[in-house]
Structure formats: structure tokens, C-alpha cells
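Note: the block below is model.tsv and it holds TSV, C-alpha atoms.
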chain	number	residue	atom	x	y	z
I	255	MET	CA	-84.52	-12.26	-40.37
I	256	ARG	CA	-85.18	-8.63	-41.17
I	257	GLU	CA	-88.23	-6.74	-42.42
I	258	ILE	CA	-88.80	-4.72	-45.58
I	259	LEU	CA	-90.71	-1.62	-44.48
I	260	LEU	CA	-92.86	0.74	-46.48
I	261	SER	CA	-90.08	3.35	-46.26
I	262	ASP	CA	-87.61	0.91	-47.87
I	263	VAL	CA	-89.52	0.27	-51.09
I	264	ASP	CA	-88.61	3.46	-52.95
I	265	ASP	CA	-84.88	2.92	-52.45
I	266	ILE	CA	-85.11	-0.78	-53.36
I	267	ALA	CA	-86.98	0.05	-56.57
I	268	ARG	CA	-84.43	2.69	-57.54
I	269	GLY	CA	-81.42	0.51	-56.83
I	270	ALA	CA	-82.95	-2.52	-58.53
I	271	ALA	CA	-83.72	-0.52	-61.66
I	272	ILE	CA	-80.06	0.53	-61.85
I	273	LEU	CA	-78.95	-3.09	-61.44
I	274	GLY	CA	-81.47	-4.21	-64.07
I	275	ALA	CA	-79.29	-2.95	-66.95
I	276	GLY	CA	-82.20	-1.02	-68.43
I	277	GLY	CA	-84.67	-3.88	-68.13
I	278	GLY	CA	-86.93	-5.63	-65.65
I	279	GLY	CA	-89.93	-3.38	-66.30
I	280	ASP	CA	-91.00	0.04	-65.03
I	281	PRO	CA	-89.87	0.27	-61.38
I	282	TYR	CA	-92.51	2.91	-60.58
I	283	ILE	CA	-95.41	0.54	-61.24
I	284	GLY	CA	-93.92	-2.20	-59.11
I	285	LYS	CA	-93.08	0.26	-56.36
I	286	LEU	CA	-96.71	1.35	-56.12
I	287	LEU	CA	-97.92	-2.27	-55.95
I	288	ALA	CA	-95.41	-3.11	-53.21
I	289	GLU	CA	-96.25	0.00	-51.20
I	290	VAL	CA	-99.98	-0.72	-51.32
I	291	ALA	CA	-99.42	-4.37	-50.34
I	292	ILE	CA	-97.26	-3.40	-47.33
I	293	GLU	CA	-99.78	-0.75	-46.27
I	294	ARG	CA	-102.52	-3.41	-46.30
I	295	HIS	CA	-100.64	-6.42	-44.93
I	296	GLY	CA	-97.63	-5.08	-43.04
I	297	PRO	CA	-93.85	-5.39	-43.45
I	298	VAL	CA	-92.28	-8.25	-45.41
I	299	PRO	CA	-89.90	-10.65	-43.63
I	300	SER	CA	-86.59	-10.98	-45.51
I	301	VAL	CA	-84.11	-13.81	-44.95
I	302	ASP	CA	-80.55	-14.50	-46.03
I	303	ILE	CA	-79.82	-17.59	-48.10
I	304	ASP	CA	-78.14	-19.22	-45.10
I	305	GLU	CA	-81.33	-18.87	-43.05
I	306	VAL	CA	-83.41	-20.95	-45.48
I	307	PRO	CA	-83.87	-24.64	-44.52
I	308	PRO	CA	-82.51	-27.20	-47.05
I	309	ASP	CA	-85.98	-28.62	-47.73
I	310	ALA	CA	-87.63	-25.21	-48.28
I	311	VAL	CA	-89.73	-24.65	-51.41
I	312	VAL	CA	-88.55	-21.34	-52.89
I	313	VAL	CA	-90.60	-19.88	-55.74
I	314	PRO	CA	-89.69	-16.94	-57.99
I	315	VAL	CA	-92.63	-14.81	-59.16
I	316	SER	CA	-92.22	-12.26	-61.92
I	317	THR	CA	-93.58	-10.58	-65.00
I	318	MET	CA	-92.76	-11.55	-68.57
I	319	GLY	CA	-93.13	-9.47	-71.70
I	320	ALA	CA	-92.16	-6.23	-73.36
I	321	PRO	CA	-91.64	-3.37	-70.88
I	322	THR	CA	-93.02	-0.96	-73.48
I	323	VAL	CA	-96.38	-2.74	-73.04
I	324	GLY	CA	-96.11	-3.02	-69.26
I	325	THR	CA	-96.11	0.77	-68.87
I	326	GLU	CA	-99.58	0.93	-70.46
I	327	LYS	CA	-101.14	-2.43	-69.54
I	328	LEU	CA	-101.20	-2.01	-65.77
I	329	PRO	CA	-101.67	-5.01	-63.45
I	330	SER	CA	-104.34	-5.30	-60.76
I	331	GLY	CA	-101.75	-6.33	-58.20
I	332	HIS	CA	-103.01	-9.88	-57.58
I	333	GLU	CA	-101.64	-11.67	-60.65
I	334	ALA	CA	-98.39	-12.80	-59.02
I	335	THR	CA	-100.24	-14.41	-56.12
I	336	ALA	CA	-102.66	-16.07	-58.56
I	337	ALA	CA	-99.70	-17.55	-60.47
I	338	LEU	CA	-98.13	-18.76	-57.20
I	339	ARG	CA	-101.33	-20.47	-56.03
I	340	ALA	CA	-101.80	-22.14	-59.39
I	341	LEU	CA	-98.21	-23.43	-59.30
I	342	GLU	CA	-98.76	-24.80	-55.78
I	343	ARG	CA	-101.77	-26.75	-57.05
I	344	VAL	CA	-99.67	-28.18	-59.89
I	345	MET	CA	-96.80	-29.14	-57.56
I	346	GLY	CA	-99.06	-30.51	-54.85
I	347	LYS	CA	-97.16	-28.58	-52.19
I	348	GLN	CA	-97.00	-25.07	-50.83
I	349	ALA	CA	-94.26	-22.52	-51.23
I	350	THR	CA	-92.33	-21.68	-48.08
I	351	HIS	CA	-90.42	-18.69	-49.47
I	352	LEU	CA	-90.52	-16.29	-52.42
I	353	VAL	CA	-87.57	-14.79	-54.31
I	354	PRO	CA	-87.11	-12.37	-57.23
I	355	ILE	CA	-86.13	-14.08	-60.48
I	356	GLU	CA	-84.01	-11.01	-61.34
I	357	ILE	CA	-82.80	-7.85	-59.69
I	358	GLY	CA	-84.29	-5.35	-62.10
I	359	GLY	CA	-87.17	-2.89	-62.14
I	360	VAL	CA	-90.65	-4.20	-61.51
I	361	ASN	CA	-89.44	-7.79	-61.16
I	362	SER	CA	-87.60	-6.93	-57.96
I	363	VAL	CA	-90.58	-5.31	-56.26
I	364	ILE	CA	-93.43	-7.53	-57.51
I	365	PRO	CA	-92.14	-10.31	-55.19
I	366	ILE	CA	-92.27	-7.84	-52.27
I	367	ALA	CA	-95.95	-7.25	-53.03
I	368	ALA	CA	-96.62	-10.98	-53.33
I	369	ALA	CA	-94.74	-11.70	-50.08
I	370	ALA	CA	-96.77	-9.07	-48.25
I	371	GLU	CA	-100.02	-10.50	-49.62
I	372	THR	CA	-99.18	-14.14	-48.82
I	373	GLY	CA	-97.20	-13.64	-45.61
I	374	LEU	CA	-94.27	-15.64	-46.99
I	375	PRO	CA	-90.66	-14.57	-46.30
I	376	LEU	CA	-88.65	-13.14	-49.17
I	377	VAL	CA	-85.15	-14.48	-49.83
I	378	ASP	CA	-82.48	-11.79	-50.15
I	379	GLY	CA	-81.10	-12.66	-53.58
I	380	ASP	CA	-82.10	-13.31	-57.17
I	381	ALA	CA	-81.38	-15.75	-59.98
I	382	MET	CA	-79.37	-13.43	-62.27
I	383	GLY	CA	-77.61	-10.65	-60.37
I	384	ARG	CA	-79.07	-8.33	-63.03
I	385	ALA	CA	-81.95	-8.68	-65.52
I	386	PHE	CA	-81.89	-10.80	-68.69
I	387	PRO	CA	-84.66	-10.86	-71.28
I	388	GLU	CA	-85.28	-14.62	-71.61
I	389	ALA	CA	-86.68	-17.09	-69.08
I	390	HIS	CA	-83.92	-19.69	-69.35
I	391	MET	CA	-81.16	-17.13	-68.70
I	392	VAL	CA	-80.96	-17.85	-64.99
I	393	LEU	CA	-78.25	-19.33	-62.77
I	394	PRO	CA	-80.50	-22.31	-61.93
I	395	SER	CA	-80.13	-23.36	-65.59
I	396	LEU	CA	-76.38	-23.75	-64.97
I	397	ILE	CA	-77.00	-26.24	-62.14
I	398	GLY	CA	-79.70	-28.28	-63.90
I	399	VAL	CA	-82.81	-26.78	-62.30
I	400	SER	CA	-85.85	-26.81	-64.59
I	401	CYS	CA	-87.86	-23.68	-65.30
I	402	THR	CA	-90.96	-25.87	-65.36
I	403	PRO	CA	-93.53	-26.49	-64.17
I	404	MET	CA	-94.19	-22.88	-65.11
I	405	VAL	CA	-97.51	-21.14	-64.56
I	406	ILE	CA	-98.45	-18.13	-66.69
I	407	VAL	CA	-101.34	-15.86	-65.69
I	408	ASP	CA	-102.73	-13.03	-67.80
I	409	ASP	CA	-104.98	-10.06	-67.10
I	410	LYS	CA	-108.01	-11.86	-68.53
I	411	GLY	CA	-107.94	-14.68	-65.99
I	412	ASN	CA	-106.33	-17.30	-68.22
I	413	THR	CA	-103.86	-19.71	-66.60
I	414	THR	CA	-101.37	-21.72	-68.64
I	415	VAL	CA	-99.17	-24.51	-67.26
I	416	LEU	CA	-95.99	-25.53	-69.11
I	417	ASP	CA	-93.98	-28.72	-68.66
I	418	THR	CA	-91.15	-28.66	-71.19
I	419	VAL	CA	-88.21	-30.84	-72.18
I	420	ASP	CA	-85.67	-28.13	-71.32
I	421	ASN	CA	-85.43	-24.50	-70.28
I	422	ARG	CA	-84.98	-23.12	-73.80
I	423	TRP	CA	-88.29	-24.68	-74.76
I	424	ALA	CA	-89.83	-23.14	-71.66
I	425	GLU	CA	-88.77	-19.71	-72.94
I	426	ARG	CA	-90.02	-20.38	-76.48
I	427	LEU	CA	-93.45	-21.62	-75.44
I	428	ALA	CA	-93.89	-19.10	-72.65
I	429	ARG	CA	-92.99	-16.27	-75.03
I	430	SER	CA	-95.64	-17.48	-77.49
I	431	VAL	CA	-98.27	-17.47	-74.73
I	432	CYS	CA	-97.09	-14.05	-73.62
I	433	ILE	CA	-97.44	-12.60	-77.13
I	434	GLU	CA	-100.95	-14.01	-77.54
I	435	ALA	CA	-101.92	-12.60	-74.15
I	436	GLY	CA	-100.82	-9.09	-75.14
I	437	CYS	CA	-97.08	-9.11	-74.33
I	438	SER	CA	-97.47	-8.77	-70.57
I	439	VAL	CA	-98.08	-11.70	-68.19
I	440	PHE	CA	-97.12	-12.94	-64.72
I	441	THR	CA	-95.26	-16.18	-64.06
I	442	ALA	CA	-94.28	-18.52	-61.24
I	443	ASP	CA	-91.54	-20.98	-62.18
I	444	THR	CA	-87.97	-22.26	-61.62
I	445	VAL	CA	-88.72	-23.69	-58.17
I	446	LEU	CA	-85.65	-24.16	-55.96
I	447	THR	CA	-85.00	-26.01	-52.75
I	448	GLY	CA	-83.22	-24.29	-49.91
I	449	GLU	CA	-80.23	-26.51	-50.58
I	450	GLN	CA	-79.92	-25.15	-54.15
I	451	LEU	CA	-79.95	-21.45	-53.27
I	452	ARG	CA	-76.24	-20.83	-52.85
I	453	ALA	CA	-75.47	-22.24	-56.32
I	454	GLY	CA	-78.67	-20.99	-57.95
I	455	LEU	CA	-78.91	-17.41	-56.68
I	456	VAL	CA	-76.80	-14.28	-56.34
I	457	ALA	CA	-76.91	-13.62	-52.61
I	458	GLY	CA	-77.75	-10.27	-51.04
I	459	THR	CA	-78.98	-8.41	-54.10
I	460	MET	CA	-82.10	-6.99	-52.43
I	461	THR	CA	-79.87	-5.52	-49.72
I	462	LEU	CA	-77.53	-4.20	-52.42
I	463	ALA	CA	-80.46	-2.61	-54.28
I	464	HIS	CA	-81.62	-0.92	-51.07
I	465	ARG	CA	-78.14	0.37	-50.25
I	466	LEU	CA	-77.57	1.57	-53.83
I	467	GLY	CA	-80.94	3.28	-54.12
I	468	ARG	CA	-80.50	5.08	-50.81
I	469	ALA	CA	-76.94	6.16	-51.63
I	470	VAL	CA	-77.99	7.58	-55.01
I	471	ARG	CA	-80.90	9.44	-53.43
I	472	LEU	CA	-78.76	11.07	-50.75
I	473	SER	CA	-75.55	11.74	-52.69
I	474	PRO	CA	-74.67	15.15	-54.14
I	475	GLU	CA	-72.82	13.23	-56.90
I	476	PRO	CA	-75.22	10.31	-57.47
I	477	VAL	CA	-73.63	8.90	-60.64
I	478	ALA	CA	-70.17	8.85	-59.09
I	479	THR	CA	-71.64	7.22	-55.99
I	480	ALA	CA	-73.36	4.49	-58.01
I	481	SER	CA	-70.20	3.85	-60.00
I	482	ALA	CA	-68.12	3.49	-56.84
I	483	LEU	CA	-70.59	1.10	-55.18
I	484	LEU	CA	-70.77	-1.14	-58.25
I	485	ASP	CA	-67.12	-1.00	-59.31
I	486	GLY	CA	-68.43	0.61	-62.48
I	487	HIS	CA	-66.61	2.01	-65.50
I	488	LEU	CA	-67.87	5.25	-66.98
I	489	LEU	CA	-68.47	4.74	-70.70
I	490	ILE	CA	-69.84	8.18	-71.58
I	491	THR	CA	-71.81	11.15	-70.35
I	492	GLY	CA	-73.91	12.63	-73.09
I	493	LYS	CA	-77.20	13.41	-74.75
I	494	VAL	CA	-79.51	10.81	-76.29
I	495	VAL	CA	-79.79	11.89	-79.93
I	496	ASP	CA	-81.66	8.95	-81.44
I	497	VAL	CA	-83.83	6.04	-80.25
I	498	ASP	CA	-85.00	3.33	-82.62
I	499	ARG	CA	-87.28	1.04	-80.62
I	500	ALA	CA	-90.00	-1.47	-81.53
I	501	THR	CA	-92.05	-4.06	-79.68
I	502	THR	CA	-91.51	-7.29	-81.56
I	503	GLY	CA	-91.43	-10.97	-80.69
I	504	GLY	CA	-92.52	-10.22	-77.13
I	505	PHE	CA	-89.57	-7.90	-76.47
I	506	ALA	CA	-88.68	-4.22	-76.69
I	507	ARG	CA	-85.80	-4.25	-79.19
I	508	GLY	CA	-83.77	-1.44	-80.64
I	509	HIS	CA	-80.83	0.92	-80.51
I	510	ALA	CA	-80.05	4.28	-78.97
I	511	ARG	CA	-77.26	6.71	-79.73
I	512	VAL	CA	-75.63	8.97	-77.15
I	513	GLU	CA	-73.41	11.88	-78.18
I	514	GLY	CA	-70.80	12.93	-75.64
I	515	ILE	CA	-71.02	16.25	-73.83
I	516	GLY	CA	-68.54	18.16	-71.73
I	517	GLY	CA	-65.33	16.18	-71.37
I	518	HIS	CA	-66.76	13.46	-73.62
I	519	ARG	CA	-67.55	15.75	-76.54
I	520	GLY	CA	-66.64	14.11	-79.83
I	521	SER	CA	-67.39	10.55	-78.67
I	522	ARG	CA	-70.52	8.60	-79.58
I	523	LEU	CA	-71.94	5.55	-77.85
I	524	THR	CA	-74.45	3.17	-79.47
I	525	LEU	CA	-76.58	1.00	-77.18
I	526	SER	CA	-78.26	-2.17	-78.48
I	527	PHE	CA	-81.04	-3.64	-76.36
I	528	GLN	CA	-83.58	-6.45	-76.09
I	529	ASN	CA	-85.54	-5.36	-73.02
I	530	GLU	CA	-82.09	-4.98	-71.38
I	531	HIS	CA	-79.00	-3.25	-72.76
I	532	LEU	CA	-76.82	-5.95	-74.33
I	533	VAL	CA	-73.99	-4.19	-76.18
I	534	ALA	CA	-72.37	-0.75	-75.94
I	535	GLU	CA	-70.12	0.44	-78.79
I	536	ARG	CA	-68.08	3.61	-78.33
I	537	ASP	CA	-66.73	5.17	-81.51
I	538	GLY	CA	-67.16	1.87	-83.34
I	539	GLU	CA	-65.52	-0.34	-80.67
I	540	VAL	CA	-67.40	-2.72	-78.38
I	541	VAL	CA	-66.62	-1.52	-74.85
I	542	THR	CA	-69.23	-3.47	-72.87
I	543	SER	CA	-71.37	-6.48	-73.68
I	544	THR	CA	-73.65	-8.96	-71.99
I	545	PRO	CA	-73.39	-10.54	-69.48
I	546	ASP	CA	-71.76	-7.45	-67.93
I	547	LEU	CA	-74.26	-4.76	-66.99
I	548	ILE	CA	-74.83	-1.60	-69.03
I	549	CYS	CA	-76.54	0.89	-66.72
I	550	VAL	CA	-77.99	4.19	-67.99
I	551	LEU	CA	-78.54	6.89	-65.38
I	552	ASP	CA	-79.81	10.43	-65.49
I	553	ASN	CA	-76.63	12.50	-65.42
I	554	GLU	CA	-77.95	14.94	-62.81
I	555	THR	CA	-80.09	12.83	-60.47
I	556	GLY	CA	-78.64	9.34	-60.92
I	557	GLN	CA	-82.16	8.01	-61.51
I	558	PRO	CA	-82.18	4.87	-63.69
I	559	VAL	CA	-83.32	5.25	-67.29
I	560	THR	CA	-84.90	2.03	-68.58
I	561	THR	CA	-84.91	0.98	-72.23
I	562	GLU	CA	-88.58	1.87	-72.60
I	563	GLY	CA	-87.90	5.24	-70.95
I	564	LEU	CA	-85.09	6.39	-73.27
I	565	ARG	CA	-86.05	9.63	-75.01
I	566	TYR	CA	-84.37	12.11	-77.33
I	567	GLY	CA	-82.67	14.77	-75.28
I	568	ASN	CA	-82.07	12.70	-72.14
I	569	ARG	CA	-78.80	13.72	-70.49
I	570	VAL	CA	-77.34	10.46	-69.29
I	571	ALA	CA	-74.28	8.77	-67.86
I	572	VAL	CA	-73.66	5.19	-69.02
I	573	LEU	CA	-71.81	2.77	-66.76
I	574	GLY	CA	-70.39	-0.66	-67.49
I	575	VAL	CA	-70.55	-2.91	-64.41
I	576	PRO	CA	-69.04	-6.38	-63.89
I	577	CYS	CA	-71.53	-9.27	-63.72
I	578	ASP	CA	-71.54	-12.24	-61.35
I	579	SER	CA	-68.50	-14.36	-62.20
I	580	ARG	CA	-70.60	-17.46	-62.94
I	581	TRP	CA	-71.88	-15.79	-66.08
I	582	THR	CA	-68.34	-15.53	-67.46
I	583	THR	CA	-67.75	-19.30	-67.40
I	584	ARG	CA	-68.03	-21.23	-70.66
I	585	GLU	CA	-71.57	-22.39	-69.88
I	586	GLY	CA	-72.56	-18.97	-68.59
I	587	LEU	CA	-71.40	-17.25	-71.78
I	588	ARG	CA	-73.08	-19.89	-73.91
I	589	LEU	CA	-76.34	-18.94	-72.22
I	590	THR	CA	-75.99	-15.15	-71.94
I	591	GLY	CA	-72.93	-13.98	-73.90
I	592	PRO	CA	-73.12	-11.83	-77.04
I	593	ARG	CA	-73.39	-14.81	-79.40
I	594	ALA	CA	-76.46	-16.07	-77.49
I	595	PHE	CA	-78.23	-12.96	-78.81
I	596	GLY	CA	-76.90	-13.21	-82.36
I	597	TYR	CA	-73.99	-10.74	-82.08
I	598	ASP	CA	-70.91	-11.74	-84.07
I	599	HIS	CA	-68.30	-11.05	-81.41
I	600	ASP	CA	-67.07	-12.61	-78.20
I	601	TYR	CA	-67.50	-11.29	-74.68
I	602	ARG	CA	-65.01	-8.62	-73.65
I	603	PRO	CA	-64.91	-8.12	-69.88
I	604	ILE	CA	-65.62	-4.58	-68.76
I	605	THR	CA	-62.55	-4.88	-66.54
I	606	ALA	CA	-60.44	-5.04	-69.73
I	607	VAL	CA	-61.77	-1.66	-70.90
I	608	PRO	CA	-59.79	1.35	-69.61
I	609	ASN	CA	-61.94	3.75	-67.58
I	610	SER	CA	-60.29	6.43	-69.65
I	611	LEU	CA	-63.07	8.99	-69.71
I	612	GLY	CA	-62.40	9.77	-66.08
I	613	SER	CA	-64.62	10.25	-63.05
I	614	LYS	CA	-64.02	14.02	-63.25
I	615	SER	CA	-66.60	14.15	-66.05
I	616	LEU	CA	-69.40	12.47	-64.08
I	617	GLY	CA	-70.85	15.73	-62.95
I	618	ASP	CA	-70.52	17.63	-66.22
I	619	LYS	CA	-74.08	18.58	-67.28
I	620	ARG	CA	-73.28	20.70	-70.34
Starting from the file, give its structure as C-alpha cells.
Amino acid sequence: MREILLSDVDDIARGAAILGAGGGGDPYIGKLLAEVAIERHGPVPSVDIDEVPPDAVVVPVSTMGAPTVGTEKLPSGHEATAALRALERVMGKQATHLVPIEIGGVNSVIPIAAAAETGLPLVDGDAMGRAFPEAHMVLPSLIGVSCTPMVIVDDKGNTTVLDTVDNRWAERLARSVCIEAGCSVFTADTVLTGEQLRAGLVAGTMTLAHRLGRAVRLSPEPVATASALLDGHLLITGKVVDVDRATTGGFARGHARVEGIGGHRGSRLTLSFQNEHLVAERDGEVVTSTPDLICVLDNETGQPVTTEGLRYGNRVAVLGVPCDSRWTTREGLRLTGPRAFGYDHDYRPITAVPNSLGSKSLGDKR
């Protein structure tokens, strides 16, 4: 068992936002909530998957909604714990551990805040190895774990409990509640036993986020450092020249165009996103697609740029990063591949795309 200290939170938030593929919500908001919770209640115990007893009750807590709304509709900081307590009442038993549902933005640090407030240990892992936009897009779905009972808590004090026939229905009904509640809610759902963690989680992702965030902060070449740590492929360095984004259906959806600069001048990359980046097309060719990660970083600082934070004029580096191998199985692609989001093309592994732009261009700011 280790402890997550106040001094760790900033690096975890930074690294998690990179791993979130543009999604997961504003990391700054979650970082503040986690820092306040640790200041009030002390460090958070963190355990490896192998340290969790087989009969443990492990509960993910998270936010759901459009990140464009979450940056304006700020939480009080107690919603995640309220959702957890409501779920415990529904289950008739208490949680023994908490875990992030995804390693991305606010949804990686909200569980730290909840763990500090409740005194529960936090499992070092998550259910995606990245962030996905829909509730059923989790590894537990691949092993038959239900997303329900699911508790949804909003800022007005309403609590909704879902018990659905399958995980896709959990997403559909939860999204409807989320929209009616203003496109930003907190949830507790997808309860796992300790015995299910190895198959249902990606192990060690909180530690990876911490290591990545710290390395980016300290490196004189932060983008190159992030790429090396994640086995990433540089897709382009360039300037954001257009962002077409709308909040619709409970998601932030849209496209962004990046024109190459420096050694990438003459190339153009189009990003398509639904909370998270899903497809990257360079000069008309798909070069990265879900479930692989598309990570957008500030070209000078290596700071993550989320989909709601994309602005005209941003100088960015875009990386393609391999996903957890379970997502590339037939069932994994059925759940999270390009066709699951309505794109008319198959998954092309990022490892099949030549890293032809070259690491020499990572530091080119022109």
C-alpha cells in the first residue's frame, strides 16, 4: 500500500489528462477538488490490484456529461460521495475500495477526492486504460459485469437509480437523465469484486499517470518525453486553424483541423471527437482511430489540450498511442471501434502507421 500525497495530485492530473485522449473532463477542476479533500482529510491510501481481497466491493465513481458544460457548471465536491452512499444503500453493503472508471481528466482525480473524504483505499487502475465517452465502453462489459445498479446524482440533490437489462441500455437511460439534469452529473456504478479486477481493469494506470505527468513537467522536451513513455507515434505538429464544436446529445461533438508547421508544413490533420478524440485523418488518410489514443499536447509545454479546450491558434503536437490490447479483440472493437461510433471504416492499429514525421520535429515551434 502506498499513499497519494497532496504534492502528487498535480502530476497525476496532468498525466491522466494526456492519457484521456482529449476527454474525461477538465483536469484542473478535479485537481482542485482532490487537493482540498487531501488537505482536509489527509493522504489517500493506494493499492495494487493484487493487494485487493477477492471478496472486496470495488466501486468506480465518476462524472458523466459534456465536458464543455463541466467547465462552467462546477461541482460542490461532495457529489461523488453522495452517489457512493446512495449506491451502498441500494446494494445493501458497503464499498471497501474505490477506483477510477477511466484514466482521463477529472474522472481520474474525482475518485482521489472521494477516497480522501471516505477514507477508502483507491485501486491503482481503471476500467478503460484511457477515456471513452459512453458508460458501457468499459472492460467490465467484456467480462459480463453489469453497469447497474447505477446511481446518478445531480447538483440539485436529485438521485436516480437505474437497473437495466444490459449495459447499452444503462448508457441510453443514464444519458437521458444526464441531459435533463443539465449535461453534468456524478455516478457510481459498474461494481466489481476483487476477484474481477485483473480481467476488468487496466492495472497501474494511476501510477503511470503520475510518472507521465511528472516527466512532462520536468523535461526540457516534454512532447518527446511523453511520446517515448507511451510508445507514441507523432502524427503532426501544427497550429489549430478551425474548431467546429457543439454540445449535443449529452456530449461535446465536433471536428478540429491542424495545419502543419516547421517540418510538417504542407500537411493537415483533421480530428473528430465525441468528448474524446476518436479519429485522426492526415491529408485525407485515417492514421489513428479509436480505440487507440489520440493525444493532443501543447507543443511547447507538453500540457494536455482537451477537446473542450481546443482553440484557434493553439500550437499543438498530436500523438497516436496504442490502447490496451483487450480493446483490439473482436468484442473490444465491436464496443469501441470506429464503427461503434458510426464511422464507415475499420480499425487501423497505430502500430501500422509509419512514424514518418520524425521525432526531430517535436520541438519545432515555428
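The spacing separating atom CA of I:Ile364 from atom CA of I:Cys549 amounts to 21.0 Å.
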(request) Please provide the set of residues having any atom within 12 Å of I:Val495, restricted to only C-alpha atoms, with same-chain residues fewer than 2 positions apart removed, written as a list of chain:residue names. (result) I:Gly492, I:Lys493, I:Val497, I:Asp498, I:His509, I:Ala510, I:Arg511, I:Val512, I:Glu513, I:Gly514, I:Ile515, I:Arg522, I:Leu523, I:Thr524, I:Leu525, I:Leu564, I:Arg565, I:Tyr566, I:Gly567, I:Asn568, I:Arg569, I:Val570
Which polymer residues, whether protein, DNA or RNA, lie within 10 Å of the coordinate (-94.7, -3.0, -53.9) when you count only C-alpha atoms? List them as a short mmCIF file (atom, residue, chain, number, x, y, z; two decimals) with C-alpha atoms, in the coordinates of the input, using the chain letters and numbers from the file.
data_model
loop_
_atom_site.label_atom_id
_atom_site.label_comp_id
_atom_site.auth_asym_id
_atom_site.auth_seq_id
_atom_site.Cartn_x
_atom_site.Cartn_y
_atom_site.Cartn_z
CA LEU I 260 -92.86 0.74 -46.48
CA VAL I 263 -89.52 0.27 -51.09
CA ASP I 264 -88.61 3.46 -52.95
CA ILE I 266 -85.11 -0.78 -53.36
CA ALA I 267 -86.98 0.05 -56.57
CA PRO I 281 -89.87 0.27 -61.38
CA TYR I 282 -92.51 2.91 -60.58
CA ILE I 283 -95.41 0.54 -61.24
CA GLY I 284 -93.92 -2.20 -59.11
CA LYS I 285 -93.08 0.26 -56.36
CA LEU I 286 -96.71 1.35 -56.12
CA LEU I 287 -97.92 -2.27 -55.95
CA ALA I 288 -95.41 -3.11 -53.21
CA GLU I 289 -96.25 0.00 -51.20
CA VAL I 290 -99.98 -0.72 -51.32
CA ALA I 291 -99.42 -4.37 -50.34
CA ILE I 292 -97.26 -3.40 -47.33
CA GLU I 293 -99.78 -0.75 -46.27
CA GLY I 331 -101.75 -6.33 -58.20
CA VAL I 360 -90.65 -4.20 -61.51
CA SER I 362 -87.60 -6.93 -57.96
CA VAL I 363 -90.58 -5.31 -56.26
CA ILE I 364 -93.43 -7.53 -57.51
CA PRO I 365 -92.14 -10.31 -55.19
CA ILE I 366 -92.27 -7.84 -52.27
CA ALA I 367 -95.95 -7.25 -53.03
CA ALA I 368 -96.62 -10.98 -53.33
CA ALA I 369 -94.74 -11.70 -50.08
CA ALA I 370 -96.77 -9.07 -48.25
#
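Residue nearest I:Leu472, chosen from I:Thr583, I:Ser526, I:Thr335, I:Gln557 and counting all atoms listed in the file: I:Gln557.
Distance check against I:Phe440 using only C-alpha atoms: of I:Ala270, I:Ile355, I:Ala385, I:Val572, the minimum falls on I:Ile355.
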Would you be able to write out as a JSON list (two decimals) with C-alpha atoms, in the coordinates of the input which residues have an atom within 7 Å of (-85.9, -1.4, -62.9) in the file's coordinates, counting all atoms listed in the file?
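To be explicit, this is the file written out as result_32.json:
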[["chain", "number", "residue", "atom", "x", "y", "z"],
["I", 267, "ALA", "CA", -86.98, 0.05, -56.57],
["I", 268, "ARG", "CA", -84.43, 2.69, -57.54],
["I", 270, "ALA", "CA", -82.95, -2.52, -58.53],
["I", 271, "ALA", "CA", -83.72, -0.52, -61.66],
["I", 272, "ILE", "CA", -80.06, 0.53, -61.85],
["I", 274, "GLY", "CA", -81.47, -4.21, -64.07],
["I", 276, "GLY", "CA", -82.20, -1.02, -68.43],
["I", 277, "GLY", "CA", -84.67, -3.88, -68.13],
["I", 278, "GLY", "CA", -86.93, -5.63, -65.65],
["I", 279, "GLY", "CA", -89.93, -3.38, -66.30],
["I", 280, "ASP", "CA", -91.00, 0.04, -65.03],
["I", 281, "PRO", "CA", -89.87, 0.27, -61.38],
["I", 358, "GLY", "CA", -84.29, -5.35, -62.10],
["I", 359, "GLY", "CA", -87.17, -2.89, -62.14],
["I", 360, "VAL", "CA", -90.65, -4.20, -61.51],
["I", 560, "THR", "CA", -84.90, 2.03, -68.58]]
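Using only C-alpha atoms, the shortest contact distance between I:Thr372 and any of I:Val298, I:Cys401, I:Met391, I:Leu427 is found at I:Val298.
Using all atoms listed in the file, the nearest neighbour of I:Leu489 within the list I:Asp537, I:Glu562, I:Asp420, I:Glu356 is I:Asp537.
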(request) Tell me, in Å to one decimal, how far atom CA of I:Lys410 is from atom CA of I:Ala381. (result) 28.2 Å
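Nearest to I:Leu446 of all the residues I:Pro603, I:Pro476, I:Pro314, I:Gly379 is I:Pro314, counting all atoms listed in the file.
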(message) What's around I:Ala428 at 9 Å? Count all atoms listed in the file, leave out sequence neighbours fewer than 3 positions away in its own chain, and write the answer as an MDAnalysis selection string.
(response) chainID I and resid 318 389 404 406 414 416 423:425 431:433
(message) Using all atoms listed in the file, which protein or nucleic acid residues come within 10 Å of I:Gly436? Drop anything in the same chain fewer than 3 positions from it, and give the result as number ranges by chain.
(response) I: 319-320, 323-324, 327, 408-409, 431-433, 439, 504
